[in-house]
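Text of data35.cif, listed as mmCIF, C-alpha atoms:
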data_run
loop_
_atom_site.label_atom_id
_atom_site.label_comp_id
_atom_site.auth_asym_id
_atom_site.auth_seq_id
_atom_site.Cartn_x
_atom_site.Cartn_y
_atom_site.Cartn_z
CA MET A 23 0.00 0.00 0.00
CA GLU A 24 2.80 2.36 0.92
CA THR A 25 4.53 1.63 -2.39
CA MET A 26 1.32 2.43 -4.26
CA ARG A 27 1.12 5.79 -2.56
CA TYR A 28 4.62 6.68 -3.65
CA LEU A 29 3.96 5.42 -7.16
CA LEU A 30 1.02 7.82 -7.32
CA LEU A 31 3.51 10.66 -6.96
CA PHE A 32 5.01 9.72 -10.31
CA VAL A 33 1.71 10.40 -12.07
CA PRO A 34 2.03 14.21 -11.90
CA ALA A 35 5.60 13.94 -13.14
CA LEU A 36 4.39 12.00 -16.15
CA LEU A 37 1.61 14.51 -16.70
CA LEU A 38 4.01 17.41 -16.47
CA THR A 39 6.18 15.97 -19.19
CA ALA A 40 3.22 15.42 -21.46
CA GLN A 41 2.09 17.88 -24.09
CA THR A 42 -0.94 19.98 -23.25
CA PRO A 43 -3.81 18.13 -24.87
CA ALA A 44 -6.13 19.69 -27.38
CA ALA A 45 -9.09 21.46 -25.90
CA PRO A 46 -12.19 19.49 -26.80
CA LYS A 47 -14.53 21.93 -25.10
CA LYS A 48 -13.16 25.05 -26.69
CA THR A 49 -12.19 23.71 -30.07
CA THR A 50 -14.22 22.19 -32.79
CA ASP A 51 -13.53 20.21 -35.90
CA HIS A 52 -12.52 22.71 -38.53
CA SER A 53 -13.73 20.60 -41.42
CA ALA A 54 -17.35 21.42 -40.71
CA LEU A 55 -16.64 25.10 -40.32
CA THR A 56 -14.18 25.70 -43.10
CA ALA A 57 -16.64 27.29 -45.48
CA ALA A 58 -18.01 29.62 -42.87
CA SER A 59 -14.61 30.44 -41.41
CA ILE A 60 -12.93 31.35 -44.65
CA PRO A 61 -15.58 32.97 -46.78
CA ALA A 62 -15.00 34.55 -50.15
CA LYS A 63 -12.85 37.66 -49.94
CA ASN A 64 -14.86 40.50 -48.46
CA PHE A 65 -14.23 43.86 -46.86
CA LYS A 66 -14.09 42.37 -43.37
CA GLU A 67 -11.06 40.22 -44.06
CA SER A 68 -7.42 40.92 -44.68
CA GLY A 69 -4.25 38.97 -45.20
CA SER A 70 -3.59 35.88 -47.22
CA PRO A 71 -6.50 33.39 -47.29
CA THR A 72 -3.89 30.62 -47.43
CA ALA A 73 -2.12 31.77 -44.26
CA GLN A 74 -1.17 29.07 -41.79
CA VAL A 75 -3.24 30.64 -39.04
CA GLY A 76 -6.58 32.41 -39.17
CA ILE A 77 -7.87 34.88 -36.62
CA GLU A 78 -11.51 35.82 -36.32
CA ILE A 79 -12.27 38.73 -34.02
CA TYR A 80 -15.79 39.14 -32.68
CA THR A 81 -16.47 42.68 -31.56
CA ASP A 82 -19.30 44.95 -30.59
CA TYR A 83 -18.72 48.58 -31.61
CA GLU A 84 -20.09 49.90 -28.32
CA CYS A 85 -18.00 47.62 -26.08
CA PRO A 86 -15.05 49.45 -24.42
CA ALA A 87 -12.91 46.30 -24.23
CA CYS A 88 -13.44 45.80 -27.99
CA ARG A 89 -12.33 49.37 -28.54
CA ALA A 90 -9.17 48.73 -26.53
CA LEU A 91 -8.45 45.56 -28.51
CA TYR A 92 -9.09 47.28 -31.83
CA LEU A 93 -6.96 50.33 -31.07
CA ASP A 94 -4.17 48.79 -28.95
CA VAL A 95 -3.72 45.27 -30.27
CA LEU A 96 -4.94 45.19 -33.87
CA PRO A 97 -2.38 47.60 -35.40
CA SER A 98 0.56 45.52 -34.16
CA LEU A 99 -1.19 42.29 -35.08
CA VAL A 100 -1.77 43.53 -38.61
CA SER A 101 1.76 44.81 -39.13
CA ASP A 102 3.53 41.76 -37.62
CA PHE A 103 1.34 38.90 -38.76
CA VAL A 104 -1.31 39.91 -41.30
CA ALA A 105 0.80 42.12 -43.56
CA THR A 106 3.54 39.50 -43.55
CA GLY A 107 1.17 36.79 -44.77
CA LYS A 108 1.37 34.69 -41.62
CA VAL A 109 -2.17 35.29 -40.45
CA HIS A 110 -5.50 35.74 -42.17
CA LEU A 111 -7.73 38.17 -40.28
CA LEU A 112 -11.50 38.23 -40.30
CA HIS A 113 -13.61 40.73 -38.43
CA ARG A 114 -16.94 39.41 -37.17
CA ASP A 115 -19.77 41.54 -35.80
CA TYR A 116 -21.38 40.49 -32.56
CA PRO A 117 -23.58 43.38 -31.42
CA LEU A 118 -24.81 42.81 -27.89
CA MET A 119 -28.42 43.40 -26.87
CA MET A 120 -27.29 45.44 -23.87
CA HIS A 121 -25.79 48.11 -26.12
CA GLN A 122 -28.33 50.55 -27.46
CA PHE A 123 -26.46 51.89 -30.47
CA SER A 124 -24.29 48.96 -31.40
CA LYS A 125 -26.50 47.70 -34.23
CA LEU A 126 -26.65 51.17 -35.73
CA ALA A 127 -22.86 51.49 -35.59
CA THR A 128 -22.55 48.07 -37.23
CA ARG A 129 -24.86 49.18 -40.07
CA TYR A 130 -22.68 52.24 -40.68
CA ALA A 131 -19.50 50.18 -40.73
CA ASN A 132 -20.95 47.62 -43.12
CA ALA A 133 -22.47 50.30 -45.34
CA ALA A 134 -19.04 51.90 -45.54
CA GLY A 135 -17.61 48.48 -46.38
CA THR A 136 -19.99 48.22 -49.31
CA ILE A 137 -18.45 51.35 -50.83
CA GLY A 138 -14.88 50.31 -49.97
CA LYS A 139 -14.37 52.41 -46.85
CA TYR A 140 -14.69 49.76 -44.16
CA ASP A 141 -11.31 50.13 -42.47
CA VAL A 142 -11.40 53.89 -42.10
CA VAL A 143 -15.00 53.93 -40.84
CA ALA A 144 -14.65 50.96 -38.48
CA ASN A 145 -11.58 52.66 -37.02
CA GLN A 146 -13.42 55.96 -36.64
CA ILE A 147 -16.40 54.27 -34.98
CA PHE A 148 -14.11 52.73 -32.37
CA VAL A 149 -12.08 55.91 -31.90
CA SER A 150 -15.19 58.03 -31.37
CA GLN A 151 -17.03 55.41 -29.29
CA PRO A 152 -16.99 57.50 -26.07
CA GLU A 153 -18.96 60.24 -27.86
CA TRP A 154 -21.60 58.44 -29.94
CA SER A 155 -22.24 55.80 -27.26
CA GLN A 156 -23.65 58.66 -25.16
CA ASN A 157 -26.04 60.12 -27.74
CA GLY A 158 -26.27 57.60 -30.58
CA ASN A 159 -24.98 60.08 -33.14
CA VAL A 160 -22.90 57.62 -35.14
CA ASP A 161 -23.65 59.59 -38.28
CA ALA A 162 -21.75 62.64 -37.08
CA ALA A 163 -18.75 60.54 -36.11
CA VAL A 164 -18.61 58.79 -39.48
CA ALA A 165 -19.11 62.03 -41.39
CA LYS A 166 -15.80 63.29 -40.04
CA VAL A 167 -13.80 60.74 -42.05
CA LEU A 168 -15.78 60.46 -45.30
CA SER A 169 -16.24 62.85 -48.18
CA PRO A 170 -19.76 64.33 -48.47
CA ALA A 171 -20.44 62.16 -51.53
CA ASP A 172 -19.36 58.97 -49.79
CA MET A 173 -21.28 59.95 -46.68
CA GLU A 174 -24.47 60.30 -48.72
CA LYS A 175 -23.96 56.82 -50.15
CA VAL A 176 -23.45 55.41 -46.68
CA ARG A 177 -26.51 57.17 -45.31
CA ALA A 178 -28.63 55.85 -48.19
CA LEU A 179 -27.42 52.31 -47.53
CA VAL A 180 -28.01 52.58 -43.77
CA ARG A 181 -31.55 53.84 -44.41
CA THR A 182 -32.66 51.50 -47.16
CA ASP A 183 -30.43 48.43 -47.62
CA SER A 184 -32.35 45.53 -46.15
CA HIS A 185 -29.43 43.14 -46.70
CA LEU A 186 -26.93 45.18 -44.73
CA ASP A 187 -27.48 43.06 -41.63
CA ASP A 188 -27.21 39.72 -43.43
CA SER A 189 -23.50 39.32 -42.74
CA VAL A 190 -24.11 40.34 -39.12
CA ALA A 191 -26.71 37.59 -38.73
CA LYS A 192 -24.19 35.08 -40.11
CA ASP A 193 -21.50 36.35 -37.74
CA VAL A 194 -23.85 36.09 -34.75
CA ALA A 195 -24.82 32.55 -35.77
CA MET A 196 -21.15 31.64 -36.04
CA GLY A 197 -20.50 33.26 -32.67
CA ASN A 198 -23.23 31.16 -31.13
CA GLN A 199 -21.61 28.05 -32.62
CA ASP A 200 -18.36 29.19 -31.02
CA HIS A 201 -20.21 29.53 -27.67
CA LEU A 202 -19.27 33.16 -27.23
CA SER A 203 -19.78 34.43 -23.72
CA GLN A 204 -18.31 37.90 -24.13
CA THR A 205 -16.87 40.45 -26.50
CA PRO A 206 -14.22 40.79 -27.62
CA THR A 207 -13.58 37.17 -28.43
CA ILE A 208 -10.74 35.98 -30.61
CA VAL A 209 -10.93 32.69 -32.45
CA ILE A 210 -7.58 31.34 -33.56
CA VAL A 211 -7.95 28.82 -36.35
CA ALA A 212 -4.97 26.55 -36.91
CA LYS A 213 -4.59 22.99 -38.10
CA GLY A 214 -8.30 22.39 -38.15
CA LYS A 215 -8.92 23.60 -34.61
CA ARG A 216 -10.73 26.70 -33.42
CA ASP A 217 -9.34 28.06 -30.14
CA VAL A 218 -11.93 30.40 -28.69
CA ILE A 219 -10.38 33.02 -26.40
CA GLY A 220 -12.72 35.41 -24.64
CA GLY A 221 -11.63 38.79 -23.35
CA GLY A 222 -9.16 41.49 -24.20
CA MET A 223 -5.47 40.79 -23.95
CA PRO A 224 -2.11 42.53 -24.24
CA TYR A 225 -0.51 42.18 -27.65
CA SER A 226 2.63 40.61 -26.20
CA ILE A 227 0.79 37.51 -24.98
CA LEU A 228 -1.19 37.14 -28.20
CA LYS A 229 2.07 37.39 -30.12
CA GLN A 230 3.63 34.61 -28.04
CA TYR A 231 0.62 32.41 -28.63
CA LEU A 232 0.58 33.06 -32.38
CA ASN A 233 4.30 32.36 -32.64
CA SER A 234 3.81 29.06 -30.83
CA LYS A 235 0.99 28.18 -33.25
CA LEU A 236 3.07 29.15 -36.26
CA ALA A 237 5.99 27.09 -35.00
CA GLN A 238 3.90 23.91 -34.78
CA MET B 52 -15.55 13.31 19.18
CA LYS B 53 -13.94 9.98 18.60
CA ARG B 54 -10.51 9.94 17.05
CA GLY B 55 -11.63 7.59 14.31
CA LEU B 56 -14.28 10.03 13.20
CA LEU B 57 -11.79 12.92 13.27
CA PHE B 58 -9.44 10.86 11.16
CA PHE B 59 -12.06 10.17 8.53
CA LEU B 60 -13.14 13.81 8.50
CA LEU B 61 -9.52 14.72 7.93
CA ILE B 62 -9.23 12.28 5.04
CA ALA B 63 -12.52 13.52 3.55
CA GLY B 64 -11.34 17.12 3.83
CA ARG B 65 -8.03 16.32 2.18
CA LEU B 66 -9.77 14.48 -0.64
CA GLY B 67 -12.13 17.42 -1.01
CA ILE B 68 -9.23 19.80 -1.52
CA ALA B 69 -7.60 17.32 -3.87
CA ILE B 70 -10.73 17.17 -6.01
CA ILE B 71 -10.96 20.97 -6.12
CA PHE B 72 -7.38 21.25 -7.35
CA LEU B 73 -7.76 18.41 -9.82
CA TYR B 74 -10.96 19.87 -11.24
CA ALA B 75 -9.45 23.37 -11.49
CA GLY B 76 -6.31 22.07 -13.21
CA ILE B 77 -8.07 19.76 -15.65
CA ALA B 78 -10.61 22.44 -16.59
CA LYS B 79 -7.76 24.76 -17.50
CA VAL B 80 -5.52 22.35 -19.39
CA ARG B 81 -8.48 21.42 -21.59
CA GLU B 82 -8.50 25.00 -22.89
CA PRO B 83 -5.82 26.87 -24.86
CA TRP B 84 -3.28 28.33 -22.44
CA LEU B 85 -3.93 31.77 -23.88
CA GLN B 86 -7.38 31.75 -22.25
CA PHE B 87 -5.90 31.31 -18.77
CA ALA B 88 -3.21 33.88 -19.56
CA VAL B 89 -5.98 36.36 -20.39
CA SER B 90 -7.65 35.59 -17.05
CA ILE B 91 -4.41 36.04 -15.10
CA GLU B 92 -3.72 39.30 -16.89
CA THR B 93 -7.01 40.80 -15.71
CA PHE B 94 -5.72 40.63 -12.11
CA LYS B 95 -2.80 42.96 -13.06
CA ILE B 96 -0.54 41.31 -10.52
CA VAL B 97 2.25 39.69 -12.54
CA PRO B 98 4.46 41.09 -15.31
CA GLU B 99 3.43 40.19 -18.85
CA SER B 100 6.52 38.00 -19.23
CA TRP B 101 5.14 35.70 -16.50
CA LEU B 102 1.77 35.16 -18.16
CA GLU B 103 2.81 32.41 -20.56
CA PRO B 104 4.76 30.23 -18.08
CA LEU B 105 2.08 30.66 -15.42
CA ALA B 106 -0.74 29.88 -17.84
CA ARG B 107 1.09 26.85 -19.21
CA TYR B 108 2.30 25.26 -15.98
CA LEU B 109 0.12 26.40 -13.07
CA PRO B 110 -2.78 24.12 -14.13
CA TRP B 111 -0.39 21.14 -14.23
CA CYS B 112 0.89 22.07 -10.78
CA GLU B 113 -2.71 22.09 -9.54
CA ILE B 114 -3.23 18.61 -10.99
CA ALA B 115 0.02 17.38 -9.45
CA LEU B 116 -0.98 18.82 -6.10
CA GLY B 117 -4.38 17.16 -6.31
CA ILE B 118 -2.81 13.78 -7.01
CA ALA B 119 -0.26 14.26 -4.24
CA LEU B 120 -3.05 15.03 -1.77
CA ILE B 121 -4.93 11.92 -2.82
CA SER B 122 -1.80 9.81 -2.43
CA GLY B 123 -1.43 10.92 1.18
CA VAL B 124 2.36 11.10 0.91
CA LEU B 125 3.75 14.07 2.85
CA ALA B 126 0.13 15.03 3.38
CA ARG B 127 0.84 17.80 5.86
CA TRP B 128 3.24 19.57 3.53
CA PHE B 129 1.08 19.23 0.45
CA SER B 130 -1.92 20.43 2.50
CA LEU B 131 0.17 23.40 3.55
CA ILE B 132 1.06 24.18 -0.07
CA ALA B 133 -2.59 23.89 -1.10
CA THR B 134 -3.64 26.19 1.73
CA GLY B 135 -0.94 28.66 0.74
CA MET B 136 -2.25 28.68 -2.82
CA LEU B 137 -5.85 29.12 -1.65
CA THR B 138 -4.72 32.01 0.57
CA TRP B 139 -2.99 33.61 -2.41
CA PHE B 140 -6.06 33.20 -4.65
CA LEU B 141 -8.30 34.80 -2.02
CA PHE B 142 -5.79 37.61 -1.52
CA ILE B 143 -5.59 38.49 -5.22
CA GLY B 144 -9.39 38.39 -5.41
CA ILE B 145 -9.69 40.84 -2.52
CA ARG B 146 -7.01 43.02 -4.07
CA ALA B 147 -8.79 43.05 -7.45
CA ALA B 148 -12.11 43.93 -5.82
CA ALA B 149 -10.46 46.68 -3.76
CA LYS B 150 -8.90 48.15 -6.89
CA GLY B 151 -12.18 47.93 -8.78
CA LEU B 152 -10.67 45.71 -11.46
CA THR B 153 -12.97 43.86 -13.82
CA VAL B 154 -11.47 40.41 -13.66
CA ASP B 155 -12.22 37.07 -15.20
CA CYS B 156 -11.58 34.58 -12.41
CA GLY B 157 -10.56 31.71 -14.68
CA CYS B 158 -10.39 29.55 -11.54
CA PHE B 159 -12.15 26.59 -13.13
CA GLY B 160 -11.57 27.45 -16.76
CA SER B 161 -13.26 30.14 -18.80
CA GLY B 162 -16.86 31.20 -18.29
CA GLY B 163 -16.57 31.25 -14.52
CA GLY B 164 -17.44 34.91 -14.40
CA GLY B 165 -15.99 37.65 -12.33
CA ILE B 166 -15.47 38.16 -8.63
CA ASP B 167 -18.63 38.66 -6.61
CA ALA B 168 -20.02 37.76 -3.19
CA LYS B 169 -20.47 34.12 -4.26
CA TRP B 170 -16.81 33.96 -5.30
CA PHE B 171 -15.69 35.25 -1.89
CA VAL B 172 -17.91 32.79 -0.01
CA GLU B 173 -16.64 29.87 -2.12
CA HIS B 174 -12.99 30.82 -1.74
CA ALA B 175 -13.30 31.58 1.97
CA ALA B 176 -14.92 28.16 2.46
CA MET B 177 -12.14 26.46 0.48
CA LEU B 178 -9.52 28.28 2.53
CA ALA B 179 -11.24 27.31 5.79
CA LEU B 180 -11.22 23.69 4.64
CA GLY B 181 -7.55 23.97 3.69
CA LEU B 182 -6.62 25.45 7.05
CA SER B 183 -8.57 22.77 8.91
CA VAL B 184 -6.98 19.95 6.95
CA THR B 185 -3.48 21.40 7.33
CA ALA B 186 -3.92 21.86 11.07
CA GLY B 187 -5.35 18.36 11.33
CA GLU B 188 -2.47 16.84 9.38
CA PHE B 189 0.11 18.56 11.57
CA VAL B 190 -1.68 17.49 14.75
CA ARG B 191 -1.92 13.94 13.41
CA GLY B 192 1.78 14.01 12.60
CA ARG B 193 2.68 15.01 16.14
CA SER B 194 0.38 12.53 17.82
CA PRO B 195 1.17 8.92 17.03
CA LYS B 196 -1.86 7.81 19.03
CA PHE B 197 -4.19 9.95 16.99
CA VAL B 198 -4.95 7.03 14.73
CA PRO B 199 -3.81 3.46 15.09
CA GLU B 200 -0.75 2.76 13.00
CA HIS B 201 -2.40 -0.03 10.99
CA THR B 202 -5.22 2.30 9.98
CA LEU B 203 -2.76 4.82 8.58
CA ARG B 204 -0.92 2.19 6.62
CA ASP B 205 -4.06 0.59 5.26
CA PHE B 206 -5.51 3.79 3.88
#

Would you encode the structure as structure tokens?
Amino acid sequence: METMRYLLLFVPALLLTAQTPAAPKKTTDHSALTAASIPAKNFKESGSPTAQVGIEIYTDYECPACRALYLDVLPSLVSDFVATGKVHLLHRDYPLMMHQFSKLATRYANAAGTIGKYDVVANQIFVSQPEWSQNGNVDAAVAKVLSPADMEKVRALVRTDSHLDDSVAKDVAMGNQDHLSQTPTIVIVAKGKRDVIGGGMPYSILKQYLNSKLAQ
Amino acid sequence: MKRGLLFFLLIAGRLGIAIIFLYAGIAKVREPWLQFAVSIETFKIVPESWLEPLARYLPWCEIALGIALISGVLARWFSLIATGMLTWFLFIGIRAAAKGLTVDCGCFGSGGGGIDAKWFVEHAAMLALGLSVTAGEFVRGRSPKFVPEHTLRDF
């Protein structure tokens, strides 16, 4: 009996030398999700579609943590990994019910995407979030970065385009499949697995994780 | 209270702590280590360079501690380590609440939520259990008559 007790102590040593197993709860088989994860090129994606690692970022335009991720982490992520072809980036909309103006902001961003101005408008919406989240005046915030002609096009789309929310509905459905519990959430797609990471994070730790994924 | 009953309460308490640590460790190693690193980061208590090693190896240490507690080898010292860890977890929770930090506990993997009254009650109860077991193990170690020798060996 005494020997057995000491032998039990070797179990943690064996476990410690083992590789961390895949996460069955937080990852899913990529084969079933490939089509949805890597859609045809659209204004919400950037980087090489054949990159070794894919990142899907679920955000809500009215969420402060999403703003912090977008402004503090995304620029470095894009310059180090997306622009260099290592990572394919896909933005996904996940407007939360608790945020009054989030859906409106999402419509403006996607309308701008339709006319080829997604990046500049999405950035402006996040930058000006503290203002429009108080009064809902997303229009005024967006107007600061678009020409009057482009702004009119965007306004027309926001008012009348009934399909503007279609991609949002798909993103929300995908988010529900990913069991999102918060925004922002980052999904790292590599080797057929989707690692779902909820919450904001410093760039340094994301960089370490991506490098470890790329090294595999 | 009879010594036999005390002994079995002590064993039950130690196994309880072991299960808590095993569950916490297994829940975390089943997820990508980045998720736990994100949770640790919300406490703003360690430098960023510590996040990866902590997130990678702390869950395995919890599992190892759980197994060690089940084994009963050096029970008083492993109980002491477990109690030390529970004290630390409660301390960083109090600190985060005092600083008004929005934290993701990450204690039993993701989705555990933040720190609220329920969290404090749970962690205080776990710490109380840890302290009781540690005290009991040290008392047992000092008192050879606490439990008959054959009972100790047969467990």

TODO: Identify the residues around (-7.3, 22.9, 3.8) within a radius of 7 Å, measuring from only C-alpha atoms in the coordinates stated by the file, and give them as number ranges by chain.
DONE: B: 65, 68, 130, 133-134, 177-185

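For the choices B:Ile96, B:Ile166, B:Ile91, B:Ala149, the atom-to-atom distance to chain A is smallest for B:Ile91 when using only C-alpha atoms.
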
Output the residue selection produced by the PyMOL selection byres ((chain B) within 10 of (chain A)) on the file above, formatted as a short mmCIF file (atom, residue, chain, number, x, y, z; two decimals) with C-alpha atoms, keeping the file's coordinate frame.
data_model
loop_
_atom_site.label_atom_id
_atom_site.label_comp_id
_atom_site.auth_asym_id
_atom_site.auth_seq_id
_atom_site.Cartn_x
_atom_site.Cartn_y
_atom_site.Cartn_z
CA ALA B 78 -10.61 22.44 -16.59
CA LYS B 79 -7.76 24.76 -17.50
CA VAL B 80 -5.52 22.35 -19.39
CA ARG B 81 -8.48 21.42 -21.59
CA GLU B 82 -8.50 25.00 -22.89
CA PRO B 83 -5.82 26.87 -24.86
CA TRP B 84 -3.28 28.33 -22.44
CA LEU B 85 -3.93 31.77 -23.88
CA GLN B 86 -7.38 31.75 -22.25
CA PHE B 87 -5.90 31.31 -18.77
CA ALA B 88 -3.21 33.88 -19.56
CA VAL B 89 -5.98 36.36 -20.39
CA SER B 90 -7.65 35.59 -17.05
CA GLU B 92 -3.72 39.30 -16.89
CA THR B 93 -7.01 40.80 -15.71
CA GLU B 99 3.43 40.19 -18.85
CA SER B 100 6.52 38.00 -19.23
CA TRP B 101 5.14 35.70 -16.50
CA LEU B 102 1.77 35.16 -18.16
CA GLU B 103 2.81 32.41 -20.56
CA ARG B 107 1.09 26.85 -19.21
CA TYR B 108 2.30 25.26 -15.98
CA PRO B 110 -2.78 24.12 -14.13
CA TRP B 111 -0.39 21.14 -14.23
CA CYS B 112 0.89 22.07 -10.78
CA GLU B 113 -2.71 22.09 -9.54
CA ILE B 114 -3.23 18.61 -10.99
CA ALA B 115 0.02 17.38 -9.45
CA LEU B 116 -0.98 18.82 -6.10
CA GLY B 117 -4.38 17.16 -6.31
CA ILE B 118 -2.81 13.78 -7.01
CA ALA B 119 -0.26 14.26 -4.24
CA LEU B 120 -3.05 15.03 -1.77
CA ILE B 121 -4.93 11.92 -2.82
CA SER B 122 -1.80 9.81 -2.43
CA GLY B 123 -1.43 10.92 1.18
CA VAL B 124 2.36 11.10 0.91
CA LEU B 125 3.75 14.07 2.85
CA VAL B 154 -11.47 40.41 -13.66
CA ASP B 155 -12.22 37.07 -15.20
CA SER B 161 -13.26 30.14 -18.80
CA GLY B 162 -16.86 31.20 -18.29
CA GLY B 164 -17.44 34.91 -14.40
CA LEU B 203 -2.76 4.82 8.58
CA ARG B 204 -0.92 2.19 6.62
CA ASP B 205 -4.06 0.59 5.26
CA PHE B 206 -5.51 3.79 3.88
#

TODO: Apply the PyMOL selection byres ((chain A and resi 212) around 7) to the structure shown and report the selected residues as an MDAnalysis selection string.
DONE: chainID A and resid 74:76 210:211 213:216

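Here the PyMOL selection byres ((chain A and resi 98-107) around 8) catches exactly these residues: Ser68, Gly69, Ser70, Ala73, Asp94, Val95, Leu96, Pro97, Lys108, Val109, His110, Leu111, Tyr225 and Lys229 of chain A.
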
For segment 101-117 of chain B, what centre and edge lengths in Å (one decimal) does the axis-aligned box get once 6 Å is added on each side of all its listed atoms, as lines of an AutoDock Vina configuration file?
center_x = 0.4
center_y = 26.4
center_z = -13.3
size_x = 21.5
size_y = 30.5
size_z = 26.5

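Proximity to Asp187 of chain A was assessed for A:Pro117, A:Pro206, A:Pro170, A:Gly158 counting only C-alpha atoms; the smallest distance is recorded for A:Pro117.
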
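For the choices A:Leu118, A:Tyr130, A:Arg89, A:Lys125, the atom-to-atom distance to Glu174 of chain A is smallest for A:Tyr130 when using all atoms listed in the file.
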
- [ ] Work out how far atom CA of Ala163 of chain A is from atom CA of Asn132 of chain A, in Å to one decimal.
- [x] 14.9 Å

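Atom CA of Thr136 of chain A sits 23.9 Å away from atom CA of His121 of chain A.
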
Task: Coordinates-based distance that separates atom CA of Phe58 of chain B from atom CA of Phe189 of chain B (Å, one decimal) - done: 12.3 Å

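Residues lying within 10 Å of Tyr83 of chain A, counting all atoms listed in the file and ignoring same-chain neighbours fewer than 4 positions away, are Ala87, Cys88, Arg89, Tyr92, Asp115, Tyr116, Pro117, Leu118, His121, Phe123, Ser124, Lys125, Leu126, Ala127, Thr128, Ala131, Ala144, Asn145, Ile147, Phe148, Val149, Gln151, Ser155, Thr205 and Pro206 of chain A.
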
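Taking all atoms listed in the file into account, Asp172 of chain A lies nearest to A:Ala134 out of the set A:Ala134, A:Leu91, A:Gln122, A:Glu67.
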